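This is input_3.cif. It holds mmCIF, C-alpha atoms and all ligand atoms; chains and numbers go by the auth columns.
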data_run
#
loop_
_atom_site.group_PDB
_atom_site.id
_atom_site.type_symbol
_atom_site.label_atom_id
_atom_site.label_comp_id
_atom_site.label_asym_id
_atom_site.label_seq_id
_atom_site.Cartn_x
_atom_site.Cartn_y
_atom_site.Cartn_z
_atom_site.B_iso_or_equiv
_atom_site.auth_seq_id
_atom_site.auth_asym_id
ATOM 1 C CA MET A 1 167.009 -1.131 36.885 0.00 1 A
ATOM 2 C CA ARG A 2 170.002 -3.138 35.690 0.00 2 A
ATOM 3 C CA VAL A 3 170.915 -2.707 32.027 0.00 3 A
ATOM 4 C CA GLN A 4 173.583 -4.590 30.146 0.00 4 A
ATOM 5 C CA LEU A 5 174.673 -4.128 26.554 0.00 5 A
ATOM 6 C CA LEU A 6 175.363 -7.712 25.571 0.00 6 A
ATOM 7 C CA PRO A 7 178.750 -8.210 23.923 0.00 7 A
ATOM 8 C CA SER A 8 178.894 -9.257 20.273 0.00 8 A
ATOM 9 C CA THR A 9 182.343 -10.820 20.265 0.00 9 A
ATOM 10 C CA PHE A 10 184.769 -12.401 22.709 0.00 10 A
ATOM 11 C CA ASP A 11 188.534 -12.630 22.779 0.00 11 A
ATOM 12 C CA GLY A 12 190.455 -15.930 22.902 0.00 12 A
ATOM 13 C CA HIS A 13 189.939 -16.102 26.689 0.00 13 A
ATOM 14 C CA GLY A 14 186.167 -15.688 26.564 0.00 14 A
ATOM 15 C CA HIS A 15 186.230 -12.048 27.695 0.00 15 A
ATOM 16 C CA ALA A 16 183.907 -9.592 25.996 0.00 16 A
ATOM 17 C CA THR A 17 185.571 -7.313 23.468 0.00 17 A
ATOM 18 C CA LEU A 18 184.651 -3.628 23.399 0.00 18 A
ATOM 19 C CA GLU A 19 183.555 -3.482 19.773 0.00 19 A
ATOM 20 C CA GLN A 20 179.805 -3.424 19.372 0.00 20 A
ATOM 21 C CA ARG A 21 178.676 -5.069 16.164 0.00 21 A
ATOM 22 C CA LEU A 22 175.259 -6.240 17.268 0.00 22 A
ATOM 23 C CA THR A 23 172.668 -4.512 19.444 0.00 23 A
ATOM 24 C CA CYS A 24 170.971 -6.219 22.373 0.00 24 A
ATOM 25 C CA TYR A 25 170.283 -4.782 25.830 0.00 25 A
ATOM 26 C CA LEU A 26 169.302 -6.982 28.716 0.00 26 A
ATOM 27 C CA ILE A 27 167.121 -5.434 31.437 0.00 27 A
ATOM 28 C CA ASP A 28 166.995 -7.075 34.884 0.00 28 A
ATOM 29 C CA ASP A 29 167.944 -10.453 33.356 0.00 29 A
ATOM 30 C CA CYS A 30 164.480 -10.937 31.878 0.00 30 A
ATOM 31 C CA VAL A 31 163.574 -8.422 29.160 0.00 31 A
ATOM 32 C CA ALA A 32 165.705 -7.837 26.066 0.00 32 A
ATOM 33 C CA ILE A 33 165.648 -4.793 23.835 0.00 33 A
ATOM 34 C CA ASP A 34 166.649 -5.992 20.377 0.00 34 A
ATOM 35 C CA ALA A 35 168.244 -9.358 19.823 0.00 35 A
ATOM 36 C CA GLY A 36 171.459 -8.847 17.851 0.00 36 A
ATOM 37 C CA SER A 37 173.686 -10.795 20.242 0.00 37 A
ATOM 38 C CA LEU A 38 170.950 -12.458 22.305 0.00 38 A
ATOM 39 C CA ALA A 39 171.810 -16.066 21.405 0.00 39 A
ATOM 40 C CA ILE A 40 175.547 -15.408 21.639 0.00 40 A
ATOM 41 C CA ALA A 41 176.032 -13.629 24.943 0.00 41 A
ATOM 42 C CA LEU A 42 173.439 -14.789 27.470 0.00 42 A
ATOM 43 C CA THR A 43 174.478 -16.979 30.377 0.00 43 A
ATOM 44 C CA ALA A 44 172.725 -20.350 30.712 0.00 44 A
ATOM 45 C CA GLU A 45 170.680 -18.897 33.568 0.00 45 A
ATOM 46 C CA GLN A 46 169.616 -15.860 31.533 0.00 46 A
ATOM 47 C CA ARG A 47 168.533 -18.138 28.686 0.00 47 A
ATOM 48 C CA GLY A 48 166.098 -19.602 31.137 0.00 48 A
ATOM 49 C CA THR A 49 164.631 -16.236 32.177 0.00 49 A
ATOM 50 C CA VAL A 50 164.518 -14.095 29.019 0.00 50 A
ATOM 51 C CA ARG A 51 161.130 -14.574 27.377 0.00 51 A
ATOM 52 C CA ASP A 52 160.243 -11.000 26.373 0.00 52 A
ATOM 53 C CA ILE A 53 162.084 -9.244 23.578 0.00 53 A
ATOM 54 C CA ILE A 54 161.265 -5.801 22.236 0.00 54 A
ATOM 55 C CA VAL A 55 162.414 -5.396 18.629 0.00 55 A
ATOM 56 C CA THR A 56 162.908 -1.707 17.756 0.00 56 A
ATOM 57 C CA HIS A 57 163.397 -2.329 14.018 0.00 57 A
ATOM 58 C CA PRO A 58 164.259 -5.218 11.717 0.00 58 A
ATOM 59 C CA HIS A 59 167.845 -4.344 10.741 0.00 59 A
ATOM 60 C CA MET A 60 170.152 -7.351 10.967 0.00 60 A
ATOM 61 C CA ASP A 61 172.403 -5.942 13.709 0.00 61 A
ATOM 62 C CA HIS A 62 169.269 -5.800 15.923 0.00 62 A
ATOM 63 C CA ILE A 63 167.744 -9.195 15.113 0.00 63 A
ATOM 64 C CA ALA A 64 170.720 -11.307 13.983 0.00 64 A
ATOM 65 C CA SER A 65 170.451 -14.023 16.609 0.00 65 A
ATOM 66 C CA LEU A 66 166.706 -13.820 17.376 0.00 66 A
ATOM 67 C CA PRO A 67 165.871 -16.879 15.210 0.00 67 A
ATOM 68 C CA ILE A 68 168.863 -18.753 16.658 0.00 68 A
ATOM 69 C CA PHE A 69 167.757 -17.924 20.226 0.00 69 A
ATOM 70 C CA ILE A 70 164.317 -19.452 19.622 0.00 70 A
ATOM 71 C CA ASP A 71 165.796 -22.351 17.650 0.00 71 A
ATOM 72 C CA ASP A 72 168.229 -23.164 20.515 0.00 72 A
ATOM 73 C CA LEU A 73 165.434 -23.178 23.099 0.00 73 A
ATOM 74 C CA TYR A 74 162.806 -24.801 20.886 0.00 74 A
ATOM 75 C CA PRO A 75 162.372 -28.187 22.628 0.00 75 A
ATOM 76 C CA THR A 76 162.603 -26.783 26.163 0.00 76 A
ATOM 77 C CA LEU A 77 160.345 -23.699 25.997 0.00 77 A
ATOM 78 C CA ARG A 78 157.464 -24.012 28.442 0.00 78 A
ATOM 79 C CA GLU A 79 156.061 -20.657 27.382 0.00 79 A
ATOM 80 C CA PRO A 80 156.488 -18.841 24.078 0.00 80 A
ATOM 81 C CA VAL A 81 159.223 -16.289 23.448 0.00 81 A
ATOM 82 C CA ARG A 82 157.227 -13.067 23.140 0.00 82 A
ATOM 83 C CA VAL A 83 158.403 -10.650 20.461 0.00 83 A
ATOM 84 C CA HIS A 84 157.068 -7.174 21.209 0.00 84 A
ATOM 85 C CA ALA A 85 157.138 -4.812 18.244 0.00 85 A
ATOM 86 C CA THR A 86 154.984 -2.398 16.284 0.00 86 A
ATOM 87 C CA ALA A 87 152.598 -3.953 13.743 0.00 87 A
ATOM 88 C CA GLU A 88 154.830 -2.607 10.947 0.00 88 A
ATOM 89 C CA VAL A 89 157.935 -4.292 12.342 0.00 89 A
ATOM 90 C CA ILE A 90 156.084 -7.565 12.983 0.00 90 A
ATOM 91 C CA ALA A 91 154.954 -7.580 9.346 0.00 91 A
ATOM 92 C CA LEU A 92 158.550 -7.077 8.185 0.00 92 A
ATOM 93 C CA LEU A 93 159.866 -9.866 10.444 0.00 93 A
ATOM 94 C CA GLU A 94 157.227 -12.236 9.083 0.00 94 A
ATOM 95 C CA ARG A 95 157.894 -11.242 5.469 0.00 95 A
ATOM 96 C CA ASP A 96 161.680 -11.111 5.536 0.00 96 A
ATOM 97 C CA VAL A 97 162.920 -13.402 8.333 0.00 97 A
ATOM 98 C CA PHE A 98 160.398 -15.939 9.617 0.00 98 A
ATOM 99 C CA ASN A 99 159.182 -16.666 6.090 0.00 99 A
ATOM 100 C CA TRP A 100 160.008 -20.405 5.766 0.00 100 A
ATOM 101 C CA ASN A 101 162.984 -19.458 3.550 0.00 101 A
ATOM 102 C CA VAL A 102 165.358 -17.669 5.894 0.00 102 A
ATOM 103 C CA TYR A 103 163.828 -19.256 8.987 0.00 103 A
ATOM 104 C CA PRO A 104 160.696 -21.254 9.843 0.00 104 A
ATOM 105 C CA ARG A 105 157.615 -19.289 10.808 0.00 105 A
ATOM 106 C CA PHE A 106 158.021 -19.973 14.526 0.00 106 A
ATOM 107 C CA SER A 107 154.818 -18.086 15.326 0.00 107 A
ATOM 108 C CA GLU A 108 152.908 -21.027 13.787 0.00 108 A
ATOM 109 C CA LEU A 109 154.913 -23.799 15.459 0.00 109 A
ATOM 110 C CA LYS A 110 154.505 -25.642 18.741 0.00 110 A
ATOM 111 C CA ASN A 111 156.629 -27.896 20.879 0.00 111 A
ATOM 112 C CA ASP A 112 155.310 -30.405 23.443 0.00 112 A
ATOM 113 C CA PHE A 113 154.334 -27.554 25.784 0.00 113 A
ATOM 114 C CA GLY A 114 152.632 -25.195 23.308 0.00 114 A
ATOM 115 C CA PRO A 115 153.521 -22.268 21.012 0.00 115 A
ATOM 116 C CA VAL A 116 157.218 -21.352 20.868 0.00 116 A
ATOM 117 C CA MET A 117 156.934 -17.750 19.677 0.00 117 A
ATOM 118 C CA GLU A 118 154.257 -15.140 19.988 0.00 118 A
ATOM 119 C CA TYR A 119 154.074 -11.609 18.570 0.00 119 A
ATOM 120 C CA VAL A 120 152.791 -8.911 20.873 0.00 120 A
ATOM 121 C CA PRO A 121 151.951 -5.718 18.946 0.00 121 A
ATOM 122 C CA ILE A 122 152.994 -2.575 20.803 0.00 122 A
ATOM 123 C CA PRO A 123 151.387 0.857 20.472 0.00 123 A
ATOM 124 C CA GLU A 124 153.295 4.020 19.570 0.00 124 A
ATOM 125 C CA GLY A 125 153.154 6.940 21.966 0.00 125 A
ATOM 126 C CA LYS A 126 151.094 5.110 24.559 0.00 126 A
ATOM 127 C CA GLU A 127 152.366 3.504 27.750 0.00 127 A
ATOM 128 C CA PHE A 128 152.183 -0.290 27.994 0.00 128 A
ATOM 129 C CA LYS A 129 153.201 -2.887 30.593 0.00 129 A
ATOM 130 C CA LEU A 130 155.791 -5.535 29.878 0.00 130 A
ATOM 131 C CA ALA A 131 156.910 -7.885 32.676 0.00 131 A
ATOM 132 C CA HIS A 132 157.664 -5.567 35.642 0.00 132 A
ATOM 133 C CA LEU A 133 158.314 -2.599 33.339 0.00 133 A
ATOM 134 C CA THR A 134 156.309 0.292 31.931 0.00 134 A
ATOM 135 C CA VAL A 135 157.348 1.155 28.402 0.00 135 A
ATOM 136 C CA ILE A 136 156.595 3.908 25.893 0.00 136 A
ATOM 137 C CA ALA A 137 157.619 3.394 22.247 0.00 137 A
ATOM 138 C CA LEU A 138 158.076 6.454 20.044 0.00 138 A
ATOM 139 C CA PRO A 139 158.752 6.544 16.307 0.00 139 A
ATOM 140 C CA VAL A 140 162.256 7.794 15.497 0.00 140 A
ATOM 141 C CA ASN A 141 163.884 8.861 12.229 0.00 141 A
ATOM 142 C CA HIS A 142 165.568 5.832 10.637 0.00 142 A
ATOM 143 C CA ILE A 143 165.345 4.302 7.161 0.00 143 A
ATOM 144 C CA VAL A 144 162.911 1.567 8.224 0.00 144 A
ATOM 145 C CA PRO A 145 160.074 1.795 10.769 0.00 145 A
ATOM 146 C CA THR A 146 161.887 2.148 14.108 0.00 146 A
ATOM 147 C CA VAL A 147 160.963 3.043 17.665 0.00 147 A
ATOM 148 C CA GLY A 148 162.910 4.583 20.511 0.00 148 A
ATOM 149 C CA LEU A 149 161.885 3.419 23.993 0.00 149 A
ATOM 150 C CA ILE A 150 161.392 4.931 27.432 0.00 150 A
ATOM 151 C CA VAL A 151 161.513 2.166 30.040 0.00 151 A
ATOM 152 C CA SER A 152 160.654 2.497 33.719 0.00 152 A
ATOM 153 C CA ASP A 153 160.598 -0.031 36.558 0.00 153 A
ATOM 154 C CA GLY A 154 158.800 2.373 38.902 0.00 154 A
ATOM 155 C CA LYS A 155 162.066 3.474 40.533 0.00 155 A
ATOM 156 C CA SER A 156 164.242 4.495 37.606 0.00 156 A
ATOM 157 C CA THR A 157 163.724 5.452 33.967 0.00 157 A
ATOM 158 C CA VAL A 158 166.022 4.828 31.025 0.00 158 A
ATOM 159 C CA ALA A 159 165.524 6.120 27.462 0.00 159 A
ATOM 160 C CA PHE A 160 166.852 4.179 24.448 0.00 160 A
ATOM 161 C CA SER A 161 167.076 6.089 21.159 0.00 161 A
ATOM 162 C CA SER A 162 167.606 2.999 18.971 0.00 162 A
ATOM 163 C CA ASP A 163 168.978 3.891 15.498 0.00 163 A
ATOM 164 C CA THR A 164 167.973 7.391 14.511 0.00 164 A
ATOM 165 C CA ALA A 165 168.907 10.732 12.998 0.00 165 A
ATOM 166 C CA GLU A 166 167.331 14.067 14.022 0.00 166 A
ATOM 167 C CA THR A 167 163.962 13.322 15.553 0.00 167 A
ATOM 168 C CA GLU A 168 161.198 15.066 17.546 0.00 168 A
ATOM 169 C CA GLU A 169 158.529 12.875 19.179 0.00 169 A
ATOM 170 C CA PHE A 170 161.090 10.900 21.149 0.00 170 A
ATOM 171 C CA TRP A 171 162.501 14.052 22.793 0.00 171 A
ATOM 172 C CA GLU A 172 159.047 15.471 23.487 0.00 172 A
ATOM 173 C CA ALA A 173 158.165 12.264 25.335 0.00 173 A
ATOM 174 C CA VAL A 174 161.509 12.105 27.180 0.00 174 A
ATOM 175 C CA ASN A 175 161.102 15.741 28.249 0.00 175 A
ATOM 176 C CA ARG A 176 157.595 15.062 29.582 0.00 176 A
ATOM 177 C CA ILE A 177 158.954 12.464 32.063 0.00 177 A
ATOM 178 C CA PRO A 178 159.731 14.215 35.370 0.00 178 A
ATOM 179 C CA HIS A 179 162.959 12.308 36.021 0.00 179 A
ATOM 180 C CA VAL A 180 165.089 10.345 33.582 0.00 180 A
ATOM 181 C CA ASP A 181 168.142 8.531 34.935 0.00 181 A
ATOM 182 C CA ALA A 182 169.906 7.618 31.715 0.00 182 A
ATOM 183 C CA LEU A 183 169.823 8.053 27.969 0.00 183 A
ATOM 184 C CA LEU A 184 171.385 5.484 25.654 0.00 184 A
ATOM 185 C CA ILE A 185 171.863 7.172 22.329 0.00 185 A
ATOM 186 C CA GLU A 186 173.462 6.122 19.115 0.00 186 A
ATOM 187 C CA ALA A 187 176.637 7.653 17.648 0.00 187 A
ATOM 188 C CA SER A 188 177.320 5.505 14.606 0.00 188 A
ATOM 189 C CA PHE A 189 179.788 7.363 12.404 0.00 189 A
ATOM 190 C CA PRO A 190 182.694 9.811 12.789 0.00 190 A
ATOM 191 C CA ASN A 191 182.183 13.423 11.708 0.00 191 A
ATOM 192 C CA SER A 192 184.048 12.833 8.437 0.00 192 A
ATOM 193 C CA MET A 193 181.232 10.485 7.365 0.00 193 A
ATOM 194 C CA THR A 194 178.395 12.976 7.834 0.00 194 A
ATOM 195 C CA GLN A 195 176.965 12.241 4.406 0.00 195 A
ATOM 196 C CA LEU A 196 176.712 8.503 4.979 0.00 196 A
ATOM 197 C CA ALA A 197 175.269 9.162 8.448 0.00 197 A
ATOM 198 C CA GLU A 198 172.587 11.365 6.874 0.00 198 A
ATOM 199 C CA VAL A 199 171.526 8.922 4.148 0.00 199 A
ATOM 200 C CA SER A 200 171.504 5.963 6.532 0.00 200 A
ATOM 201 C CA ARG A 201 169.829 8.099 9.274 0.00 201 A
ATOM 202 C CA HIS A 202 172.380 7.855 12.032 0.00 202 A
ATOM 203 C CA PHE A 203 174.256 10.354 14.208 0.00 203 A
ATOM 204 C CA THR A 204 177.841 11.530 14.191 0.00 204 A
ATOM 205 C CA PRO A 205 179.309 13.161 17.326 0.00 205 A
ATOM 206 C CA ALA A 206 178.584 16.601 15.765 0.00 206 A
ATOM 207 C CA SER A 207 174.937 15.869 14.904 0.00 207 A
ATOM 208 C CA LEU A 208 174.478 14.111 18.261 0.00 208 A
ATOM 209 C CA ASN A 209 175.718 17.245 20.010 0.00 209 A
ATOM 210 C CA ARG A 210 173.113 19.355 18.166 0.00 210 A
ATOM 211 C CA GLU A 211 170.423 16.787 18.941 0.00 211 A
ATOM 212 C CA LEU A 212 171.177 16.757 22.661 0.00 212 A
ATOM 213 C CA LYS A 213 170.170 20.451 22.813 0.00 213 A
ATOM 214 C CA LYS A 214 166.579 19.157 22.509 0.00 214 A
ATOM 215 C CA LEU A 215 166.948 17.336 25.820 0.00 215 A
ATOM 216 C CA ASP A 216 165.576 19.339 28.770 0.00 216 A
ATOM 217 C CA HIS A 217 166.953 17.088 31.518 0.00 217 A
ATOM 218 C CA ASN A 218 170.303 17.899 33.078 0.00 218 A
ATOM 219 C CA GLY A 219 172.778 15.636 34.778 0.00 219 A
ATOM 220 C CA LEU A 220 171.411 12.307 33.586 0.00 220 A
ATOM 221 C CA ASP A 221 173.866 9.655 32.426 0.00 221 A
ATOM 222 C CA ILE A 222 174.260 9.735 28.658 0.00 222 A
ATOM 223 C CA LEU A 223 175.796 6.632 27.125 0.00 223 A
ATOM 224 C CA ALA A 224 176.796 6.556 23.460 0.00 224 A
ATOM 225 C CA VAL A 225 176.107 3.249 21.740 0.00 225 A
ATOM 226 C CA HIS A 226 176.098 1.730 18.215 0.00 226 A
ATOM 227 C CA LEU A 227 179.629 2.978 17.387 0.00 227 A
ATOM 228 C CA LYS A 228 180.751 1.375 14.122 0.00 228 A
ATOM 229 C CA PRO A 229 183.668 -0.855 15.178 0.00 229 A
ATOM 230 C CA ALA A 230 185.977 0.325 12.373 0.00 230 A
ATOM 231 C CA TYR A 231 185.761 3.934 13.635 0.00 231 A
ATOM 232 C CA ARG A 232 185.325 3.284 17.339 0.00 232 A
ATOM 233 C CA GLU A 233 188.489 5.083 18.525 0.00 233 A
ATOM 234 C CA LEU A 234 187.865 8.087 16.285 0.00 234 A
ATOM 235 C CA ILE A 235 184.227 8.407 17.364 0.00 235 A
ATOM 236 C CA ILE A 236 185.284 8.186 21.040 0.00 236 A
ATOM 237 C CA GLU A 237 187.846 10.937 20.461 0.00 237 A
ATOM 238 C CA GLN A 238 185.243 13.145 18.783 0.00 238 A
ATOM 239 C CA LEU A 239 182.680 12.469 21.520 0.00 239 A
ATOM 240 C CA GLY A 240 185.318 13.414 24.110 0.00 240 A
ATOM 241 C CA ALA A 241 185.951 16.694 22.285 0.00 241 A
ATOM 242 C CA LEU A 242 182.310 17.677 22.880 0.00 242 A
ATOM 243 C CA ASN A 243 183.231 18.203 26.552 0.00 243 A
ATOM 244 C CA LEU A 244 179.955 16.910 27.914 0.00 244 A
ATOM 245 C CA PRO A 245 180.812 15.727 31.442 0.00 245 A
ATOM 246 C CA ASN A 246 177.917 13.236 31.695 0.00 246 A
ATOM 247 C CA LEU A 247 178.542 11.623 28.276 0.00 247 A
ATOM 248 C CA ASN A 248 180.364 8.283 28.179 0.00 248 A
ATOM 249 C CA VAL A 249 180.591 5.340 25.820 0.00 249 A
ATOM 250 C CA MET A 250 178.634 2.287 26.946 0.00 250 A
ATOM 251 C CA GLU A 251 180.786 -0.755 27.554 0.00 251 A
ATOM 252 C CA PRO A 252 179.517 -4.130 26.322 0.00 252 A
ATOM 253 C CA GLY A 253 179.302 -6.751 29.055 0.00 253 A
ATOM 254 C CA LYS A 254 179.210 -4.247 31.928 0.00 254 A
ATOM 255 C CA THR A 255 176.097 -4.015 34.101 0.00 255 A
ATOM 256 C CA TYR A 256 174.805 -0.491 34.651 0.00 256 A
ATOM 257 C CA SER A 257 172.396 0.141 37.524 0.00 257 A
ATOM 258 C CA TRP A 258 170.068 3.104 37.966 0.00 258 A
HETATM 259 ZN ZN ZN B . 169.186 0.333 11.886 0.00 1 B
HETATM 260 ZN ZN ZN B . 171.722 -0.705 14.032 0.00 2 B
#

Here is the file; what I need is its structure written in the form of structure tokens.
Ligand SMILES: [Zn+2]
Ligand SMILES: [Zn+2]
Amino acid sequence: MRVQLLPSTFDGHGHATLEQRLTCYLIDDCVAIDAGSLAIALTAEQRGTVRDIIVTHPHMDHIASLPIFIDDLYPTLREPVRVHATAEVIALLERDVFNWNVYPRFSELKNDFGPVMEYVPIPEGKEFKLAHLTVIALPVNHIVPTVGLIVSDGKSTVAFSSDTAETEEFWEAVNRIPHVDALLIEASFPNSMTQLAEVSRHFTPASLNRELKKLDHNGLDILAVHLKPAYRELIIEQLGALNLPNLNVMEPGKTYSW
């Protein structure tokens, strides 16, 4: 499986910058997890192949360019963009984003070829198929309804925590999988901001370290994501001090293969 964290910003020469402001992972050039930077960072070719997007929760950094992505493709879509999310998240997207005020209700609109956007409700805790992938969505502990994901292509398995603080079901499900190749887990704030991390339900390097004790698998790649750009260097320093040899910070724009 090839996984890329799409960059949010580019320098003056068009190269991805390391800061991650928006969340969007691209799997095998066809399935996206979250859509923060989807409309900003895809190549022209990828725009033509990405039609399935899993939305873990409706926070702006995870959906920022979802309406723009559909808007950009509107006249050319020959099949709808499918937004896969829990019923709760779909209801929030309809109420707060695609509500005719912030954006048109694309789920009710058609172009010359048919519908342009379709919601696909996903179950929690039960495997489902999506393109060539098998996915399990598990509720995690964030301030709005949010799911973590375990994604497998039949050869490799990658777990995505999404935004979360201390949680249980996600780890139970991850530990039940015989082999997990990689875990992408959030580390939003430095240790000095523990209080803010707790109220906004995110991890710091210290709370992440405690949380990782729940993980039974050894030796898998652990990639820290969702580092607040203003504290990126400090968080990286604090993650390094944990001395976990398989823990690294995920680099936007780089393709990881498992
Ligand atoms: Zn969030
Ligand atoms: Zn977020």

> Quick one: residues within 8 Å of segment 191-200 of chain A, all atoms listed in the file counted, chain neighbours fewer than 2 positions away excluded, as a PyMOL selection string?
Replying inline: chain A and resi 142-143+165+188-189+202-206+235+238

>> I'd like the contact shell of segment 128-138 of chain A - 6 Å cut-off, only C-alpha atoms, skipping same-chain residues fewer than 3 positions apart - returned as a PyMOL selection string.
In response: chain A and resi 124-125+147-153+170

>> If I take atom CA of Leu212 of chain A and atom CA of Ser37 of chain A, how far is one from the other in Å, to one decimal?
In response: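 Between atom CA of Leu212 of chain A and atom CA of Ser37 of chain A the gap works out to 27.8 Å.
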
> Between atom CA of Leu234 of chain A and atom CA of Ile40 of chain A, what is the spacing in Å?
Replying inline: 27.1 Å

Please produce, as CSV, a per-residue contact table for chain A versus ligand ZN 2 (chain B) (criterion: any atom at most 7 Å away, all atoms listed in the file considered), showing the nearest atom pair and its distance in Å to one decimal, sorted by chain then residue number.
residue,atom,partner,partner_atom,distance
A:Thr23,CA,B:ZN2,ZN,6.7
A:His59,CA,B:ZN2,ZN,6.3
A:Asp61,CA,B:ZN2,ZN,5.3
A:His62,CA,B:ZN2,ZN,6.0
A:Asp163,CA,B:ZN2,ZN,5.5
A:His226,CA,B:ZN2,ZN,6.5

Find the residues near Tyr256 of chain A: any atom within 12 Å, counting all atoms listed in the file, skip ones fewer than 3 places away on the same chain, and give them as a short mmCIF file (atom, residue, chain, number, x, y, z; two decimals) with C-alpha atoms, in the frame of the given file.
data_model
loop_
_atom_site.label_atom_id
_atom_site.label_comp_id
_atom_site.auth_asym_id
_atom_site.auth_seq_id
_atom_site.Cartn_x
_atom_site.Cartn_y
_atom_site.Cartn_z
CA MET A 1 167.01 -1.13 36.88
CA ARG A 2 170.00 -3.14 35.69
CA VAL A 3 170.92 -2.71 32.03
CA GLN A 4 173.58 -4.59 30.15
CA LEU A 5 174.67 -4.13 26.55
CA LEU A 6 175.36 -7.71 25.57
CA TYR A 25 170.28 -4.78 25.83
CA LEU A 26 169.30 -6.98 28.72
CA ILE A 27 167.12 -5.43 31.44
CA ASP A 28 167.00 -7.08 34.88
CA VAL A 158 166.02 4.83 31.02
CA ASP A 181 168.14 8.53 34.94
CA ALA A 182 169.91 7.62 31.72
CA LEU A 183 169.82 8.05 27.97
CA LEU A 184 171.38 5.48 25.65
CA ASP A 221 173.87 9.65 32.43
CA ILE A 222 174.26 9.74 28.66
CA LEU A 223 175.80 6.63 27.12
CA MET A 250 178.63 2.29 26.95
CA GLU A 251 180.79 -0.76 27.55
CA PRO A 252 179.52 -4.13 26.32
CA GLY A 253 179.30 -6.75 29.06
#

Env of Pro58 of chain A: 12 Å cut, atoms = only C-alpha atoms, seq-sep filter 5 positions within chain, self excluded. Answer as a JSON list (two decimals) with C-alpha atoms, keeping the file's coordinate frame.
[["chain", "number", "residue", "atom", "x", "y", "z"],
["A", 23, "THR", "CA", 172.67, -4.51, 19.44],
["A", 34, "ASP", "CA", 166.65, -5.99, 20.38],
["A", 35, "ALA", "CA", 168.24, -9.36, 19.82],
["A", 36, "GLY", "CA", 171.46, -8.85, 17.85],
["A", 63, "ILE", "CA", 167.74, -9.20, 15.11],
["A", 64, "ALA", "CA", 170.72, -11.31, 13.98],
["A", 65, "SER", "CA", 170.45, -14.02, 16.61],
["A", 66, "LEU", "CA", 166.71, -13.82, 17.38],
["A", 83, "VAL", "CA", 158.40, -10.65, 20.46],
["A", 85, "ALA", "CA", 157.14, -4.81, 18.24],
["A", 86, "THR", "CA", 154.98, -2.40, 16.28],
["A", 87, "ALA", "CA", 152.60, -3.95, 13.74],
["A", 88, "GLU", "CA", 154.83, -2.61, 10.95],
["A", 89, "VAL", "CA", 157.94, -4.29, 12.34],
["A", 90, "ILE", "CA", 156.08, -7.56, 12.98],
["A", 91, "ALA", "CA", 154.95, -7.58, 9.35],
["A", 92, "LEU", "CA", 158.55, -7.08, 8.18],
["A", 93, "LEU", "CA", 159.87, -9.87, 10.44],
["A", 94, "GLU", "CA", 157.23, -12.24, 9.08],
["A", 95, "ARG", "CA", 157.89, -11.24, 5.47],
["A", 96, "ASP", "CA", 161.68, -11.11, 5.54],
["A", 97, "VAL", "CA", 162.92, -13.40, 8.33],
["A", 98, "PHE", "CA", 160.40, -15.94, 9.62],
["A", 142, "HIS", "CA", 165.57, 5.83, 10.64],
["A", 143, "ILE", "CA", 165.34, 4.30, 7.16],
["A", 144, "VAL", "CA", 162.91, 1.57, 8.22],
["A", 145, "PRO", "CA", 160.07, 1.80, 10.77],
["A", 146, "THR", "CA", 161.89, 2.15, 14.11],
["A", 147, "VAL", "CA", 160.96, 3.04, 17.66],
["A", 162, "SER", "CA", 167.61, 3.00, 18.97],
["A", 163, "ASP", "CA", 168.98, 3.89, 15.50]]

> For the atom pair atom CA of Ser161 of chain A and atom CA of Thr43 of chain A, what is the interatomic distance in Å to one decimal place?
Replying inline: 25.9 Å

> So which residues get picked by the PyMOL selection byres (((chain A and resi 68-75) around 7) and not hetatm) here, written as a ChimeraX atom specification?
Replying inline: /A:38-39,65-67,76-77,111,116

> Applied to the shown file, which residues does the PyMOL selection byres (((chain A and resi 216) around 6) and not hetatm) return, written as a list in words?
Replying inline: Asn175, Leu215 and His217 of chain A

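Take the candidates A:Pro229, A:Gly240, A:His15, A:Arg201 and check each one against ligand ZN 1 (chain B) using all atoms listed in the file; the shortest distance goes to A:Arg201.
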
> Which of these, A:Arg51, A:Lys110, A:Arg105, A:Lys228, has the shortest distance to ligand ZN 1 (chain B) once you count only C-alpha atoms and all ligand atoms?
Replying inline: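 Result for the nearest residue to ligand ZN 1 (chain B): A:Lys228.
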